[in-house]
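J.: Supplied in structure tokens, the structure appears directly below.
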Amino acid sequence: MKPLLLAALFWAVVPQAQAQFNPPAGPEQTIDLHAGNATDSRSSHGSPGWLNASASEHGIDASGNAFSSSASASTRIGPGYLSGSLATSVTGSGSSTSTLTAYQTDALTFTRKDGSFDPELIVHYNIVIAGGTSASMSGGDGGTTQAGSLDWTLVHQLDGFYTTAWQSTTTLAHDGSVVTDTQWNSSPINGVYAVYSFSAAISAGYATDMDFYLEMNSHLNAAGQGGTASMAANAPTILWGGISQVTDWNGNVIDYSVSSASGFNYALSAALSPAPEPSTWALLIAGVAALGLRARSISRMRRGEVGPASSIV
């Protein structure tokens with residue numbers, strides 16, 4: 001039997017959730033920053049690891065007015081986690097365009113310890129989505145026209161078959177108004193930062209691939225003479241939240257062990273390793289702890305059979 005992911009919050013969008021995801025050949029991180037004419041592009045391969053980049057420019061424009069542009073970004077990957085941060089700011093006629101990607105993969109192998117030879121198991125596990133976005137504008141010209149936008153997409157895939165994605169898009173207008181839209185599997189969702197519970201059918205004794213992916217894009221245009229604008233993605237993060245139980249197809253809880261190519265114990269929750277920006281990551285970790293108290297949304301889905309969604313508070 002081909003293992004398949006059995007859970008998604010919005011079962012009405014199953015076709016979108018199963019859209020093809022083509023991951024890179026291995027763990028990697030890329031950052032491409034443009035702050036006016038200043039650039040900084042970097043990449044890194046392998047896991048665990050982190051990547052930082054920054055670019056800035058300031059001067060006097062053709063109209064004789066002062067301007068500035070700046071952009072900074074970082075990514076971090078490791079067994080069971082993936083995160084990225086991006087911040088841009090401009091004054092006057094400055095502009096900034098930035099992108100980053102990060103990909104983490106691992107292979108999990110489950111073993112039955114109850115003496116049964118039936119390989120068909122269901123793993124019940126959690127995924128944590130943490131982070132936030134912010135934007136501000138002062139003294140901008142142009143009214144409600146868009147000054148900038150920042151979007152990110154986090155993807156979780158199991159066994160190369162089923163893909164679930166979380167998305168956030170924040171837009172900033174010249175009058176300072178900010179709008180943020182969040183989605184799960186192409187459907188709107190309030191409170192995207194939460195703990196999500198999934199159930200997955202796997203075959204004991206065989207390696208099951210588990211992938212995390214992040215893509216982020218930002219652009220910020222001229223703020224107008226004397227204007228100042230900024231946008232930031234505050235470490236959007238996907239974390240493996242541990243395994244709650246493993247059952248057979250009849251719902252009986254079984255004794256098991258799990259190993260991984262990385263050596264990480266996926267029976268436990270992942271934690272971010274020490275980072276070069278301690279204040280940012282300390283806030284993130286505190287946020288993840290708080291998310292553990294929030295509602296967990298669950299639904300179950302089988303190939304050709306979709307059940308109702310439910311929530312556990």
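The way I read the labels, and the way they are meant: chains A, B, ... in the order of the structure tokens, residue 1 as the first residue of every chain, and ligand 1 as the first ligand shown, with later ones counted on from there.
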Could you pull out the residues in segment 46-206 of chain A that DSSP calls strand (DSSP E) from the backbone, as number ranges by chain?
T.: A: 49-60, 66-78, 81-91, 96-112, 120-130, 133-138, 146-158, 162-173, 178-184, 187-188, 194-203
J.: Once you have the residues from the selection above, write them out as a short mmCIF file (atom, residue, chain, number, x, y, z; two decimals), in the first residue's frame, restricted to C-alpha atoms.
T.:
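New file part-v3.cif:
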```cif
data_model
loop_
_atom_site.label_atom_id
_atom_site.label_comp_id
_atom_site.auth_asym_id
_atom_site.auth_seq_id
_atom_site.Cartn_x
_atom_site.Cartn_y
_atom_site.Cartn_z
CA GLY A 49 22.80 24.94 9.18
CA TRP A 50 21.93 28.61 9.04
CA LEU A 51 22.40 31.40 6.51
CA ASN A 52 22.44 35.19 6.92
CA ALA A 53 22.56 38.05 4.40
CA SER A 54 22.09 41.83 4.37
CA ALA A 55 22.23 44.74 1.92
CA SER A 56 21.78 48.49 2.26
CA GLU A 57 22.09 51.69 0.26
CA HIS A 58 21.59 55.39 1.00
CA GLY A 59 22.16 58.62 -0.88
CA ILE A 60 20.56 61.56 -2.66
CA ALA A 66 17.71 61.79 0.75
CA PHE A 67 16.76 58.11 0.45
CA SER A 68 17.75 54.79 1.96
CA SER A 69 17.04 51.10 1.40
CA SER A 70 17.92 48.10 3.54
CA ALA A 71 17.17 44.38 3.65
CA SER A 72 18.28 41.56 5.91
CA ALA A 73 17.35 37.89 6.05
CA SER A 74 18.25 34.63 7.73
CA THR A 75 17.25 30.98 7.43
CA ARG A 76 17.80 27.98 9.68
CA ILE A 77 17.22 24.27 9.10
CA GLY A 78 17.76 21.09 11.06
CA TYR A 81 12.54 22.26 12.04
CA LEU A 82 12.85 25.02 9.46
CA SER A 83 12.63 28.79 9.88
CA GLY A 84 13.34 32.07 8.11
CA SER A 85 13.29 35.80 8.86
CA LEU A 86 13.17 38.76 6.49
CA ALA A 87 13.13 42.52 7.16
CA THR A 88 13.10 45.42 4.70
CA SER A 89 12.89 49.19 5.17
CA VAL A 90 13.02 52.26 2.91
CA THR A 91 12.94 56.03 3.24
CA SER A 96 13.84 46.81 -1.80
CA THR A 97 13.08 43.36 -3.24
CA SER A 98 14.03 40.14 -1.46
CA THR A 99 13.46 36.39 -1.65
CA LEU A 100 14.54 33.38 0.38
CA THR A 101 13.97 29.62 0.36
CA ALA A 102 14.81 26.80 2.75
CA TYR A 103 14.33 23.05 2.47
CA GLN A 104 14.80 20.32 5.07
CA THR A 105 14.28 16.59 4.57
CA ASP A 106 14.67 13.43 6.62
CA ALA A 107 13.69 9.75 6.44
CA LEU A 108 11.77 8.06 9.27
CA THR A 109 11.54 4.30 9.81
CA PHE A 110 8.98 2.83 12.23
CA THR A 111 9.31 -0.60 13.86
CA ARG A 112 6.59 -2.56 15.64
CA GLU A 120 0.16 -1.17 8.23
CA LEU A 121 0.32 1.53 10.90
CA ILE A 122 -1.18 4.97 11.53
CA VAL A 123 1.09 7.58 13.11
CA HIS A 124 -0.58 10.44 14.99
CA TYR A 125 1.72 13.47 15.17
CA ASN A 126 1.78 17.25 15.53
CA ILE A 127 3.12 20.11 13.43
CA VAL A 128 3.70 23.58 14.91
CA ILE A 129 3.44 26.74 12.79
CA ALA A 130 4.90 29.80 14.56
CA THR A 133 4.57 39.54 10.21
CA SER A 134 4.60 43.30 10.73
CA ALA A 135 4.52 46.42 8.55
CA SER A 136 4.40 50.19 9.03
CA MET A 137 4.38 53.40 6.99
CA SER A 138 4.69 57.04 8.00
CA GLN A 146 0.21 49.52 -2.48
CA ALA A 147 3.65 50.37 -1.16
CA GLY A 148 4.80 46.83 -0.55
CA SER A 149 3.95 43.22 0.14
CA LEU A 150 5.45 40.27 1.98
CA ASP A 151 4.35 36.68 1.54
CA TRP A 152 5.54 33.33 2.80
CA THR A 153 4.58 29.71 2.20
CA LEU A 154 5.41 26.80 4.49
CA VAL A 155 5.01 23.25 3.13
CA HIS A 156 4.92 19.89 4.89
CA GLN A 157 5.04 16.70 2.84
CA LEU A 158 5.03 13.08 3.93
CA TYR A 162 0.44 14.33 0.16
CA THR A 163 1.32 18.00 0.51
CA THR A 164 -0.17 20.49 2.94
CA ALA A 165 0.73 24.19 2.81
CA TRP A 166 0.28 27.27 4.98
CA GLN A 167 0.43 30.72 3.40
CA SER A 168 0.49 34.33 4.58
CA THR A 169 0.33 37.54 2.51
CA THR A 170 0.75 40.98 4.07
CA THR A 171 0.21 44.16 2.04
CA LEU A 172 1.14 47.70 3.07
CA ALA A 173 -0.48 50.81 1.57
CA VAL A 178 -1.91 46.89 6.65
CA VAL A 179 -3.83 43.77 5.55
CA THR A 180 -2.73 40.19 6.25
CA ASP A 181 -4.44 37.15 4.71
CA THR A 182 -3.60 33.61 5.82
CA GLN A 183 -4.55 30.28 4.25
CA TRP A 184 -4.23 26.56 4.75
CA SER A 187 -8.63 28.17 1.99
CA PRO A 188 -8.76 31.15 4.40
CA ALA A 194 -1.08 27.05 15.94
CA VAL A 195 -0.46 23.37 16.67
CA TYR A 196 -1.89 21.06 13.99
CA SER A 197 -2.56 17.35 14.53
CA PHE A 198 -2.24 14.84 11.69
CA SER A 199 -2.67 11.11 11.17
CA ALA A 200 -0.57 9.34 8.56
CA ALA A 201 -0.67 5.80 7.22
CA ILE A 202 2.83 4.32 6.95
CA SER A 203 4.42 0.92 6.42
#
```
J.: A:Ala62, A:Val192, A:Leu33, A:Ala204: which is nearest Pro236 of chain A, counting only C-alpha atoms?
T.: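 Of A:Ala62, A:Val192, A:Leu33, A:Ala204, the one nearest Pro236 of chain A, counting only C-alpha atoms, is A:Val192.
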J.: Mind checking which residues fall within 10 Å of Gly227 of chain A, counting only C-alpha atoms, ignoring those fewer than 2 positions away in the same chain, and posting them as an NGL selection string?
T.: :A and (67 or 90-94 or 137-141 or 174 or 222-225 or 229)
J.: If you run DSSP on the backbone, which residues of segment 139-289 of chain A are helix (DSSP H, G or I), as a PyMOL selection string?
T.: chain A and resi 278-289
J.: Using atom CA of Asn217 of chain A and atom CA of Ser269 of chain A as the two end points, give the distance in Å to one decimal.
T.: 28.5 Å
